[in-house]
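This report concerns only the one structure given below.
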Amino acid sequence: MLEPGALDALIEALAGRGLRVVGPTVRDGAIVLDELASAADLPTGVGDVQEPGGYRLFERGDGAFFGYAASPHSPKQFLFPASTRLFRARRNGGAAVEFEEPDAPERPLALFVRPCELHAIAVQDRVFLHGQHVDRDYASRRRDAFLVVVECGSPASTCFCTSLGTGPEAEGGYDLALTEVVDGEHRFLARAGSERGAEVLAALPQRPAADADRAAAAEVTAGARDSISRRLDTGDLRGLLERSRESPRWDEVAARCLTCANCTLVCPTCFCSSAEDVTSLDGTESERVRRWDTCFSIDHSYIHGGAIRPSSRARYRQWLTHKFGTWNDQFGVSGCVGCGRCIAWCPVGIDVTEELAALRAAEEVPDADH
Amino acid sequence: MSALAEPSLAEATVPRPFAVAERRRETADTWTLELEPLGGPALTPLPGQFTMLYAFGIGEVPISVSGRNGERLVQTVRAVGAVTEAICASEPGAVLGVRGPFGNAWPLELAEGRDLVIVAGGIGLAPLHGALEHALNHRERYRGLTLLYGARTPADLLYRVELAELRERGGLQLEVTVDAADEQWRGHVGVVPKLVGRAGFDPRDAIALVVGPEIMMRYAIEALADRGIAADRMFVSMERNMRCGLGHCGHCQLGPTLICRDGPVYSAAAMAELMEVREL
Amino acid sequence: MTKPTLAVWKFASCDGCQLSLLDCEDELLAVAGEVEIAYFLEARRATAEGPYDVSLVEGSVTTEHDAARIREVREQSKTLITIGACATAGGIQALKNYGDLDAFTAAVYASPQYISSLATSTPISAHVPVDYELRGCPISKRQLLEVLTAFLHGRKPTIPSTSVCTECKARGTVCVTVAKGIPCLGPVTHAGCGGLCPAYTRGCFGCFGPMESPNAAALEARLKTLGSDDAAIERLFRTFNVAAFDEVRAK
Amino acid sequence: MSERTIVTEYLARVEGEGGMRVRIDGDRVADVQLQIYEPPRFFEAFLRGRRFTEAPDITARICGICPVAYQMSSVAAMERICGVEVGGQLRALRRLLYCGEWIESHALHVFMLHAPDFLGYESAIELAQHDAALVARALELKKTGNRVMTVVGGREVHPINVRVGGWYRTPTKRELRELRDPLQRALEESLAAVRLTAGFDFPDYDRDYELVALREPGEYPIDAGRIVSSEGIDIDVSEYEQWFEEEHVPWSNALHSHVIGRGSYLCGPLARFALSFDRLSPVAREAAAEAGLTAAERNPFRSIVVRCVELVEACHEALRLIDAYEEPDAPAVEVEPRAGVGHGCTEAPRGILWHRYAIDGDGTILEAKIVPPTSQNQRAIEEDLRGVVERSLQVPDDRLALLCEQTIRNYDPCISCATHFLKLEVERS
Ligand SMILES: Cc1cc2nc3c(=O)[nH]c(=O)nc-3n(C[C@H](O)[C@H](O)[C@H](O)COP(=O)(O)OP(=O)(O)OC[C@H]3O[C@@H](n4cnc5c(N)ncnc54)[C@H](O)[C@@H]3O)c2cc1C
Ligand code: SF4
Ligand code: SF4
Ligand code: SF4
């Protein structure tokens with residue numbers, strides 16, 4: 001067991017290992033992920049209320065450090081940054097062209113994450129690490145990243161991890177797991193999930209956990225589980241989406257969708273990127289830069305002569321179908337971890353769980369609206 | 001969590017420099033380049049695979065490998081936009097970046113002992129050229145060998161000299177058609193799928209490879225199916241926007257697949273349904 | 001090799017977009033090294049005769065004289081690039097397209113009879129073919145350099161036409177609509193500013209005009225739930241890109 | 001001598017489009033016109049019916065060179081109407097933003113637009129071919145002004161952070177601290193610029209102008225003050241229209257201003273310098289003294305040196321403001337609209353920029369009137385042209401045209417502002 005005071009020691013220990021410690025902090029009316037200097041940067045006593053298209057902070061009044069649910073940022077920002085350099089090409093007079101590999105990423109990371117985010121990282125691992133090709137940039141950031149997962153005690157109304165089995169407990173894939181118990185004595189149950197996790201943990205001021213502590217921690221996540229009311233019926237989503245390719249629901253949602261791409265960009269698993277040349281004015285140097293892209297952009301599907309998916313309908317369908325359906329074909333997992341970000345951060349509050357339920361309902365009562 | 005693999009250089013996102021060793025004009029807007037590695041080993045792509053070709057400071061695009069000439073890659077490129085224009089304008093000696101090869105290959109083993117029917121429209125002959133070359137080089141492994149090729153006009157036909165030689169050489173049933181003939185044209189007039197009905201092959205024991213515009217591929221497959229070739233014996237090569245070739249950028253999704261990884265070659269059985277869906 | 005020639009032209013505008021070129025302090029001399037600045041009155045007295053390889057055109061057409069002048073510019077330019085909201089959408093002065101010109105003139109000038117002006121302010125593309133339109137009120141100098149570099153080296157400029165939201169997200173800005181209920185045009189506005197206003201806790205007010213597939217109706221519905229009345233929504237859409245947004249909203 | 005006309009159809013190195021026309025009849029200057037054919041854009045009309053809070057963003061679009069000036073005059077007017085005082089650090093930040101605009105605008109004018117006249121180059125681009133280091137340093141100076149605007153205002157052209165009542169977001173201390181080093185270098189560069197320009201060859205010409213500028217207790221006038229003149233005007237900004245009047249001349253899309261019953265006047269750096277010499281910081285005053293400038297300076301050609309002194313002042317002031325900065329609790333004060341008429345006047349880089357608005361109780365703008373510095377200087381410019389030409393009748397047309405243009409550039413006229421406003425024709429007979 002750790003005292004709340006041990007958080008400073010933890011952050012110091014991580015920084016002491018040469019890591020850039022990134023975790024939750026309050027900025028611009030939200031809990032975002034940023035570099036932490038000490039536990040004082042954590043969102044102490046701040047919680048969040050989320051709904052489709054809405055997010056507000058409130059004072060919890062209990063001093064919890066991790067009393068929030070999914071934030072507008074996700075670990076993606078750090079492991080797969082919005083822009084990275086792929087290579088630099090140089091023309092040294094005449095025709096000769098030289099290619100240079102990009103610099104290695106900056107300092108390795110220590111990330112404070114939530115259980116669903118651990119799963120999201122695992123999903124991106126499948127894309128960037130476990131396919132035929134390994135993405136060098138992602139791999140080097142990921143390999144060194146020290147993951148501290150904090151189990152969830154205060155899910156938001158937008159969360160549905162329980163439907164996808166990604167939370168609120170953390171089951172593995174972390175270096176260090178914490179469960180914050182606020183009731184009674186404010187304390188943390190800590191577990192190491194790796195050797196380096198154990199090393200770090202061993203160096204922190206602590207006392208052994210009693211059964212009562214374990215029970216209190218289990219109650220935290222159990223309480224969280226009970227409070228999650230959003231459900232997604234995951235039964236054969238793949239088939240459902242495949243059968244729904246021509247559903248009129250796509251037109252209906254396209255009327256509401258702004259094609260602004262917020263959903264895909266806040267999603268912790270979406271991995272689409274584009275690559276472009278950034279050239280020097282004199283034309284002797286060029287950098288190929290990779291940037292986040294989204295299937296909501298028309299260029300995403302552009303091939304000579306026109307885009308494959310010009311309509312909003314087709315773009316929304318791509319997003320939902322990929323996330324919940326074809327992702328399984330491509331990477332053997334669902335692309336969704338149930339964090340609810342796409343629901344909260346859609347400016348018009350389009351709710352993926354509702355859209356999927358509508359597709360299912362239309363299938364079950366095919367002639368409902370005739 | 002599984003061990004994290006060390007990224008290896010072979011999988012690098014950094015291109016290797018290749019020099020344009022030779023450049024031939026095919027049509028008004030299409031050129032064939034022979035690319036020679038500047039140091040490092042030669043690439044050994046299989047027929048049907050593609051590379052990502054990088055034009056300095058302009059961009060990078062997927063281009064099929066049309067064949068090999070010793071250490072050189074042979075690639076045929078139609079200039080349709082900034083990158084392909086820059087590639088086509090690369091004079092001998094110019095340096096391009098090459099990554100790859102990527103993607104799967106034409107299932108040529110499957111065709112061994114059978115009739116091989118190659119159906120190409122326009123620039124679509126480029127991705128098929130490697131397969132044709134392979135089959136001609138190993139002619140004995142195949143029974144009948146047919147190339148049905150169409151272009152808009154006689155001036156749009158690729159590899160004209162080579163095709164004329166092949167016609168002389170024999171061992172290949174070659175039918176060429178154009179949508180619009182000029183005065184000198186003595187061959188067929190009409191769309192490629194129309195050639196399918198007349199061609200001599202045994203549909204029960206044939207493998208067909210088809211590349212062209214999506215609409216042409218649909219009709220060709222229909223015609224081949226009408227002749228009796230089963231959908232799982234027909235193969236097409238698909239195109240989508242592509243940024244990485246590594247399965248990482250998400251652009252080349254085609255329904256449940258990623259073209260750079262699962263394609264570009266697919267059986268018609270796998271594609272038939274997807275090709276029916278608009279804006280997929 | 002002779003350097004390509006660049007000309008910069010001004011029509012009805014505030015000068016801000018031209019100034020953006022001079023504001024490229026770090027690159028200006030490099031630009032002058034790569035191109036022959038053949039005509040740029042704001043910066044130089046010497047002018048060279050056309051034709052010009054690249055013309056940058058700022059401002060909208062509001063007089064007969066300018067309507068004729070833009071045709072001459074076009075004739076002399078191999079590539080014509082419009083810069084800014086005035087040149088690509090008519091600018092804020094396009095508000096007069098919807099009002100009574102005489103009343104406008106009288107509101108500003110004591111002797112309106114001296115003023116000659118067309119009843120409308122129209123984008124350059126309404127008069128001559130345009131090769132590339134760079135958006136923004138003002139344009140982003142980063143994008144201006146990108147367009148110039150791209151044209152110099154024969155590649156497509158990398159100017160995404162997605163929403164401002166995509167820039168906010170890349171920058172890590174917290175959405176002001178979702179987190180604060182601030183009305184914001186970002187979802188229907190063309191990227192380019194880098195997601196500036198939301199980074200300053202302010203809703204986007206549409207400097208870069210409509211994005212590639214703007215769903216104005218859906219956003220308007222949302223603005224209403226945030227407490228904007230019809231008049232407020234009108235005002236929000238009807239500023240520097242009034243003509244372009246009006247067109248989108250009419251659909 | 002026959003009649004001759006000297007015409008410059010499109011004036012170069014000024015902001016906006018205009019020309020000049022001077023008609024000379026024997027040894028007499030028959031007519032001088034500063035022609036402003038920049039098409040009119042009718043801002044006063046568009047402002048009607050908009051909300052009072054929109055004025056800073058809309059009026060900024062009148063001029064891309066001095067958008068901050070428009071924003072500052074408009075917010076000042078609106079705050080006056082609504083009875084709100086924006087003080088403390090919120091006001092300090094406004095001065096800081098304004099310093100950024102002064103630095104950028106003055107550096108642009110001094111080096112890119114005006115200095116080539118004195119150094120015998122057609123442009124800074126040509127100058128760069130001979131003295132690349134000078135141009136590079138000038139650009140660095142200009143860039144520092146832009147950086148200040150970017151940090152405080154969001155961007156250099158049409159900043160987005162200014163609002164009636166204050167700001168949308170105030171900068172952190174750290175963000176401002178990062179401006180210190182560049183500003184310190186800019187200060188040094190500005191001092192060097194004073195020395196450089198003081199050494200230029202100046203035509204021997206001066207006139208007894210009526211100088212008009214703002215004046216404030218304790219500070220060099222930037223964002224506030226009373227309107228004062230060398231002829232004894234000393235009024236609140238709301239009294240402007242009782243003393244000054246605009247008229248419309250057929251050869252210009254800009255209005256001409258004059259002091260009622262007296263005639264032309266001059267605003268801008270020379271006026272500010274003369275009327276608030278005592279308010280300059282010691283560094284700026286010392287630099288001026290070294291350059292041989294006193295409050296009695298009236299040679300318009302020397303205004304380039306004065307501009308450099310103001311560069312020193314702006315850099316110094318910016319540094320002072322940054323050092324004294326404390327992050328405010330709230331970025332803005334609440335402003336409730338209130339029916340009324342209000343005025344705002346601030347010192348744009350080119351001179352006083354005066355705004356008047358009438359709004360109703362809902363905050364809807366009923367009426368707007370904007371008098372930019374270039375309109376106010378237009379008459380003085382024409383009179384200078386006449387004066388300069390009269391003294392240089394023997395000069396051949398091409399050189400005379402150049403001299404006339406230089407005379408116009410003394411004022412750093414901003415035509416975009418003036419039309420909401422320029423062409424030189426010299427006719428001789
Ligand atoms: C697997 C595969 C093999 C190909 N083989 C050949 C070949 O052998 N010969 C040949 O001439 N062409 C081939 N293409 C098509 C070629 O890649 C495009 O013509 C090329 O990308 C156009 O780029 P551009 O910049 O010149 O044109 P633009 O139209 O200006 O394209 C802009 C950008 O869009 C993307 N893009 C546009 N069209 C395509 C496309 N069809 N496929 C993928 N991305 C696209 C690219 O990123 C390109 O940079 C192949 C495409 C694929 C997917
Ligand atoms: S699809 Fe939505 S709920 Fe699922 S992981 Fe992505 S953002 Fe979270
Ligand atoms: S949902 Fe769209 S943006 Fe996200 S990974 Fe899939 S295709 Fe890419
Ligand atoms: S679903 Fe919502 S967040 Fe996603 S693109 Fe549509 S409107 Fe934007």
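Chain labels run A, B, ... following the order of the structure tokens; each chain numbers its residues from 1, and ligands are numbered from 1 in the order shown.
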Site check for ligand 1: residues at most 8 Å away, only C-alpha atoms and all ligand atoms, as a PyMOL selection string: (chain A and resi 299+302-305) or (chain B and resi 30+49-51+59-66+75-86+103+123-124+126-127+237-243+252+259-260+263-264) or (chain C and resi 156)
For the residues selected in the previous step, produce a file with C-alpha atoms as a PDB file, in the first residue's frame.
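Output file result.pdb is given in full below:
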ATOM      1  CA  ASP A 299      -8.200  13.092 -49.423  1.00  0.00           C
ATOM      2  CA  TYR A 302      -8.283  10.089 -53.031  1.00  0.00           C
ATOM      3  CA  ILE A 303      -6.925   8.290 -56.013  1.00  0.00           C
ATOM      4  CA  HIS A 304      -6.222   9.836 -59.346  1.00  0.00           C
ATOM      5  CA  GLY A 305      -9.535  11.009 -60.737  1.00  0.00           C
TER       6      GLY A 305
ATOM      7  CA  THR B  30       3.493   6.737 -69.948  1.00  0.00           C
ATOM      8  CA  GLN B  49       4.192  -6.817 -56.092  1.00  0.00           C
ATOM      9  CA  PHE B  50       4.761  -3.109 -56.024  1.00  0.00           C
ATOM     10  CA  THR B  51       7.271  -0.627 -54.671  1.00  0.00           C
ATOM     11  CA  GLY B  59       6.248  12.641 -52.950  1.00  0.00           C
ATOM     12  CA  GLU B  60       5.970   8.902 -52.909  1.00  0.00           C
ATOM     13  CA  VAL B  61       3.548   6.626 -54.776  1.00  0.00           C
ATOM     14  CA  PRO B  62       2.893   2.923 -55.221  1.00  0.00           C
ATOM     15  CA  ILE B  63       3.985   1.537 -58.574  1.00  0.00           C
ATOM     16  CA  SER B  64       3.833  -2.090 -59.635  1.00  0.00           C
ATOM     17  CA  VAL B  65       6.956  -3.857 -60.645  1.00  0.00           C
ATOM     18  CA  SER B  66       6.540  -4.784 -64.309  1.00  0.00           C
ATOM     19  CA  GLN B  75       8.461  -0.095 -63.779  1.00  0.00           C
ATOM     20  CA  THR B  76       5.940   1.471 -66.079  1.00  0.00           C
ATOM     21  CA  VAL B  77       4.423   4.720 -64.910  1.00  0.00           C
ATOM     22  CA  ARG B  78       1.610   6.811 -66.259  1.00  0.00           C
ATOM     23  CA  ALA B  79       1.993  10.526 -65.518  1.00  0.00           C
ATOM     24  CA  VAL B  80      -1.291  11.572 -63.979  1.00  0.00           C
ATOM     25  CA  GLY B  81      -0.248  13.938 -61.200  1.00  0.00           C
ATOM     26  CA  ALA B  82       2.684  15.640 -59.551  1.00  0.00           C
ATOM     27  CA  VAL B  83       4.576  12.577 -58.376  1.00  0.00           C
ATOM     28  CA  THR B  84       4.077  10.403 -61.403  1.00  0.00           C
ATOM     29  CA  GLU B  85       4.934  13.348 -63.636  1.00  0.00           C
ATOM     30  CA  ALA B  86       8.183  13.856 -61.748  1.00  0.00           C
ATOM     31  CA  GLY B 103       2.134  -6.725 -51.265  1.00  0.00           C
ATOM     32  CA  ILE B 123      -2.051   0.916 -67.868  1.00  0.00           C
ATOM     33  CA  GLY B 124      -3.363  -2.295 -66.274  1.00  0.00           C
ATOM     34  CA  ALA B 126       1.939  -2.836 -66.264  1.00  0.00           C
ATOM     35  CA  PRO B 127       1.128  -4.836 -63.107  1.00  0.00           C
ATOM     36  CA  SER B 237      -5.180  -6.246 -58.646  1.00  0.00           C
ATOM     37  CA  MET B 238      -6.792  -3.428 -56.686  1.00  0.00           C
ATOM     38  CA  GLU B 239      -5.901   0.198 -56.135  1.00  0.00           C
ATOM     39  CA  ARG B 240      -6.513   2.589 -53.276  1.00  0.00           C
ATOM     40  CA  ASN B 241      -4.703   5.596 -51.931  1.00  0.00           C
ATOM     41  CA  MET B 242      -1.534   4.397 -50.239  1.00  0.00           C
ATOM     42  CA  ARG B 243       0.917   6.272 -48.083  1.00  0.00           C
ATOM     43  CA  CYS B 252      -5.597   1.434 -48.588  1.00  0.00           C
ATOM     44  CA  ILE B 259      -4.418  -3.658 -50.004  1.00  0.00           C
ATOM     45  CA  CYS B 260      -0.734  -3.209 -49.263  1.00  0.00           C
ATOM     46  CA  GLY B 263      -3.402  -7.395 -51.787  1.00  0.00           C
ATOM     47  CA  PRO B 264      -3.027  -5.921 -54.219  1.00  0.00           C
TER      48      PRO B 264
ATOM     49  CA  LYS C 156       1.089  19.773 -54.920  1.00  0.00           C
TER      50      LYS C 156
END
Expected selection as a list in words for ligand 2 within 6 Å, only C-alpha atoms and all ligand atoms: Val266, Cys267, Pro268, Cys336, Val337, Gly338, Cys339, Gly340, Arg341 and Cys342 of chain A
Writing out the chosen residues with C-alpha atoms as a PDB file, in the first residue's frame:
ATOM      1  CA  VAL A 266      -9.623  11.595 -30.076  1.00  0.00           C
ATOM      2  CA  CYS A 267      -9.941   7.837 -30.481  1.00  0.00           C
ATOM      3  CA  PRO A 268      -6.979   6.207 -28.776  1.00  0.00           C
ATOM      4  CA  CYS A 336     -12.940   0.112 -29.912  1.00  0.00           C
ATOM      5  CA  VAL A 337     -12.012  -0.058 -26.254  1.00  0.00           C
ATOM      6  CA  GLY A 338     -15.143   1.656 -24.950  1.00  0.00           C
ATOM      7  CA  CYS A 339     -13.514   4.829 -23.628  1.00  0.00           C
ATOM      8  CA  GLY A 340     -16.354   7.032 -24.907  1.00  0.00           C
ATOM      9  CA  ARG A 341     -14.106   9.809 -26.181  1.00  0.00           C
ATOM     10  CA  CYS A 342     -15.703   9.855 -29.617  1.00  0.00           C
TER      11      CYS A 342
END
Protein and nucleic residues near ligand 4, 6 Å, only C-alpha atoms and all ligand atoms, as a list in words: Cys257, Leu258, Thr259, Cys260, Ala261, Asn262, Cys263, Cys346, Pro347, Val348 and Ile350 of chain A
May I have the residues from that selection written out with C-alpha atoms, as a CSV table (one decimal), in the first residue's frame?
chain,number,residue,atom,x,y,z
A,257,CYS,CA,-22.4,14.4,-38.8
A,258,LEU,CA,-20.1,17.4,-39.3
A,259,THR,CA,-17.3,15.3,-40.9
A,260,CYS,CA,-15.1,17.3,-38.6
A,261,ALA,CA,-13.0,14.2,-37.7
A,262,ASN,CA,-13.0,14.8,-34.0
A,263,CYS,CA,-14.1,11.3,-33.2
A,346,CYS,CA,-18.2,14.9,-31.0
A,347,PRO,CA,-19.3,18.5,-31.1
A,348,VAL,CA,-22.8,17.4,-32.0
A,350,ILE,CA,-23.2,11.6,-32.1
Report the closest atom pair, with its distance in Å rounded to one decimal, for each residue of chain A that has an atom no farther than 9 Å from ligand 3; count only C-alpha atoms and all ligand atoms, sort by chain and then rising residue number, and write it as CSV.
residue,atom,partner,partner_atom_place_in_ligand_line,distance
A:Ala261,CA,ligand 3,3 (S),8.0
A:Cys263,CA,ligand 3,4 (Fe),8.5
A:Thr264,CA,ligand 3,3 (S),5.0
A:Leu265,CA,ligand 3,3 (S),7.2
A:Cys267,CA,ligand 3,4 (Fe),7.4
A:Thr269,CA,ligand 3,5 (S),6.9
A:Cys270,CA,ligand 3,4 (Fe),3.8
A:Phe271,CA,ligand 3,5 (S),4.8
A:Cys272,CA,ligand 3,8 (Fe),4.1
A:Ser273,CA,ligand 3,8 (Fe),7.7
A:Trp292,CA,ligand 3,3 (S),8.6
A:Asp293,CA,ligand 3,3 (S),6.6
A:Thr294,CA,ligand 3,3 (S),3.9
A:Cys295,CA,ligand 3,2 (Fe),4.1
A:Phe296,CA,ligand 3,2 (Fe),6.9
A:Ser297,CA,ligand 3,3 (S),8.9
A:His300,CA,ligand 3,7 (S),8.5
A:Arg315,CA,ligand 3,2 (Fe),8.1
A:Tyr316,CA,ligand 3,2 (Fe),8.6
A:Gln318,CA,ligand 3,2 (Fe),6.3
A:Trp319,CA,ligand 3,1 (S),3.8
A:Leu320,CA,ligand 3,1 (S),6.5
A:Thr321,CA,ligand 3,1 (S),7.6
A:His322,CA,ligand 3,6 (Fe),5.0
A:Lys323,CA,ligand 3,1 (S),5.1
A:Phe324,CA,ligand 3,1 (S),8.8
A:Thr326,CA,ligand 3,6 (Fe),8.9
A:Trp327,CA,ligand 3,6 (Fe),7.6
A:Gly335,CA,ligand 3,5 (S),7.8
Compile the contact shell of Asn241 of chain C as a JSON list (two decimals) with N, CA, C and O atoms, in the first residue's frame: residues with an atom at most 8 Å away, counting only C-alpha atoms, same-chain residues fewer than 2 positions apart removed.
[["chain", "number", "residue", "atom", "x", "y", "z"],
["C", 85, "ALA", "N", -8.98, 35.75, -48.04],
["C", 85, "ALA", "CA", -10.44, 35.66, -48.12],
["C", 85, "ALA", "C", -11.02, 36.65, -49.12],
["C", 85, "ALA", "O", -12.00, 36.36, -49.78],
["C", 86, "CYS", "N", -10.42, 37.84, -49.25],
["C", 86, "CYS", "CA", -10.93, 38.83, -50.21],
["C", 86, "CYS", "C", -10.85, 38.26, -51.62],
["C", 86, "CYS", "O", -11.83, 38.25, -52.36],
["C", 89, "ALA", "N", -12.96, 34.74, -51.78],
["C", 89, "ALA", "CA", -14.39, 34.72, -51.47],
["C", 89, "ALA", "C", -15.05, 36.09, -51.53],
["C", 89, "ALA", "O", -16.23, 36.21, -51.25],
["C", 90, "GLY", "N", -14.32, 37.14, -51.85],
["C", 90, "GLY", "CA", -14.91, 38.47, -51.90],
["C", 90, "GLY", "C", -14.69, 39.28, -50.63],
["C", 90, "GLY", "O", -14.94, 40.47, -50.60],
["C", 91, "GLY", "N", -14.23, 38.60, -49.56],
["C", 91, "GLY", "CA", -13.88, 39.31, -48.33],
["C", 91, "GLY", "C", -15.06, 39.87, -47.58],
["C", 91, "GLY", "O", -16.22, 39.64, -47.92],
["C", 92, "ILE", "N", -14.75, 40.61, -46.55],
["C", 92, "ILE", "CA", -15.81, 41.20, -45.74],
["C", 92, "ILE", "C", -16.57, 42.23, -46.55],
["C", 92, "ILE", "O", -17.76, 42.45, -46.34],
["C", 206, "GLY", "N", -14.20, 31.61, -38.39],
["C", 206, "GLY", "CA", -14.30, 31.29, -39.82],
["C", 206, "GLY", "C", -13.37, 32.03, -40.77],
["C", 206, "GLY", "O", -13.70, 32.18, -41.95],
["C", 207, "CYS", "N", -12.19, 32.43, -40.31],
["C", 207, "CYS", "CA", -11.27, 33.18, -41.19],
["C", 207, "CYS", "C", -10.95, 32.45, -42.50],
["C", 207, "CYS", "O", -10.68, 33.08, -43.51],
["C", 208, "PHE", "N", -10.93, 31.10, -42.45],
["C", 208, "PHE", "CA", -10.47, 30.37, -43.63],
["C", 208, "PHE", "C", -11.61, 29.87, -44.51],
["C", 208, "PHE", "O", -11.40, 29.09, -45.43],
["C", 209, "GLY", "N", -12.84, 30.30, -44.19],
["C", 209, "GLY", "CA", -13.95, 29.90, -45.06],
["C", 209, "GLY", "C", -14.35, 28.46, -44.86],
["C", 209, "GLY", "O", -13.82, 27.77, -43.99],
["C", 237, "PHE", "N", -21.61, 33.59, -39.14],
["C", 237, "PHE", "CA", -21.24, 33.10, -40.47],
["C", 237, "PHE", "C", -20.91, 34.24, -41.44],
["C", 237, "PHE", "O", -20.26, 34.02, -42.45],
["C", 238, "ARG", "N", -21.42, 35.45, -41.14],
["C", 238, "ARG", "CA", -21.36, 36.48, -42.17],
["C", 238, "ARG", "C", -20.29, 37.52, -41.88],
["C", 238, "ARG", "O", -20.59, 38.65, -41.54],
["C", 239, "THR", "N", -19.04, 37.10, -42.02],
["C", 239, "THR", "CA", -17.97, 38.09, -41.87],
["C", 239, "THR", "C", -17.06, 38.03, -43.10],
["C", 239, "THR", "O", -17.49, 38.33, -44.19],
["C", 243, "ALA", "N", -19.64, 35.42, -48.47],
["C", 243, "ALA", "CA", -20.19, 34.88, -49.71],
["C", 243, "ALA", "C", -20.03, 33.37, -49.76],
["C", 243, "ALA", "O", -20.94, 32.64, -50.15],
["C", 244, "ALA", "N", -18.86, 32.88, -49.34],
["C", 244, "ALA", "CA", -18.61, 31.44, -49.40],
["C", 244, "ALA", "C", -19.49, 30.68, -48.42],
["C", 244, "ALA", "O", -20.06, 29.65, -48.74],
["C", 245, "PHE", "N", -19.63, 31.21, -47.21],
["C", 245, "PHE", "CA", -20.48, 30.53, -46.24],
["C", 245, "PHE", "C", -21.95, 30.61, -46.65],
["C", 245, "PHE", "O", -22.70, 29.66, -46.47]]
Arg278 of chain B surroundings by only C-alpha atoms, 12 Å radius, close-in-sequence under 4 positions cut, as a list in words: Arg245, Glu246, Ala307, Ile308, Arg309, Pro310, Ser311, Arg313, Ala314, Arg315, Arg317 and Gln318 of chain A; Glu214, Leu254, Gly255, Glu273 and Leu274 of chain B
Mind dumping the selected residues with N, CA and C atoms as a short mmCIF file (atom, residue, chain, number, x, y, z; two decimals), in the first residue's frame?
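Here's the written file result-v5.cif:
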data_model
loop_
_atom_site.label_atom_id
_atom_site.label_comp_id
_atom_site.auth_asym_id
_atom_site.auth_seq_id
_atom_site.Cartn_x
_atom_site.Cartn_y
_atom_site.Cartn_z
N ARG A 245 -24.27 -2.43 -44.93
CA ARG A 245 -23.57 -1.50 -45.82
C ARG A 245 -24.50 -0.54 -46.55
N GLU A 246 -25.69 -1.02 -46.82
CA GLU A 246 -26.60 -0.14 -47.57
C GLU A 246 -27.74 0.38 -46.69
N ALA A 307 -12.11 11.02 -55.23
CA ALA A 307 -12.09 10.28 -53.98
C ALA A 307 -13.01 9.08 -54.09
N ILE A 308 -12.65 8.01 -53.38
CA ILE A 308 -13.49 6.82 -53.34
C ILE A 308 -14.71 7.08 -52.46
N ARG A 309 -14.51 7.86 -51.39
CA ARG A 309 -15.61 8.11 -50.45
C ARG A 309 -15.92 9.59 -50.34
N PRO A 310 -16.49 10.17 -51.39
CA PRO A 310 -16.79 11.60 -51.33
C PRO A 310 -17.93 11.95 -50.39
N SER A 311 -18.90 11.07 -50.21
CA SER A 311 -20.06 11.45 -49.40
C SER A 311 -19.79 11.28 -47.91
N ARG A 313 -21.84 10.15 -45.87
CA ARG A 313 -22.43 8.87 -45.54
C ARG A 313 -21.36 7.77 -45.61
N ALA A 314 -20.62 7.77 -46.72
CA ALA A 314 -19.61 6.73 -46.90
C ALA A 314 -18.47 6.90 -45.90
N ARG A 315 -18.18 8.14 -45.55
CA ARG A 315 -17.07 8.35 -44.60
C ARG A 315 -17.48 7.95 -43.19
N ARG A 317 -19.68 5.73 -42.52
CA ARG A 317 -19.76 4.26 -42.57
C ARG A 317 -18.36 3.64 -42.43
N GLN A 318 -17.38 4.24 -43.08
CA GLN A 318 -16.01 3.72 -42.98
C GLN A 318 -15.55 3.72 -41.53
N GLU B 214 -11.67 -0.22 -62.54
CA GLU B 214 -12.57 -1.10 -61.80
C GLU B 214 -13.77 -1.53 -62.63
N LEU B 254 -9.74 -1.71 -48.02
CA LEU B 254 -10.77 -2.09 -48.96
C LEU B 254 -11.61 -3.08 -48.19
N GLY B 255 -12.70 -2.57 -47.61
CA GLY B 255 -13.50 -3.43 -46.74
C GLY B 255 -12.63 -4.02 -45.66
N GLU B 273 -18.22 -9.08 -54.19
CA GLU B 273 -19.21 -8.43 -53.38
C GLU B 273 -18.77 -6.98 -53.07
N LEU B 274 -17.51 -6.82 -52.75
CA LEU B 274 -17.02 -5.49 -52.38
C LEU B 274 -17.10 -4.51 -53.55
#
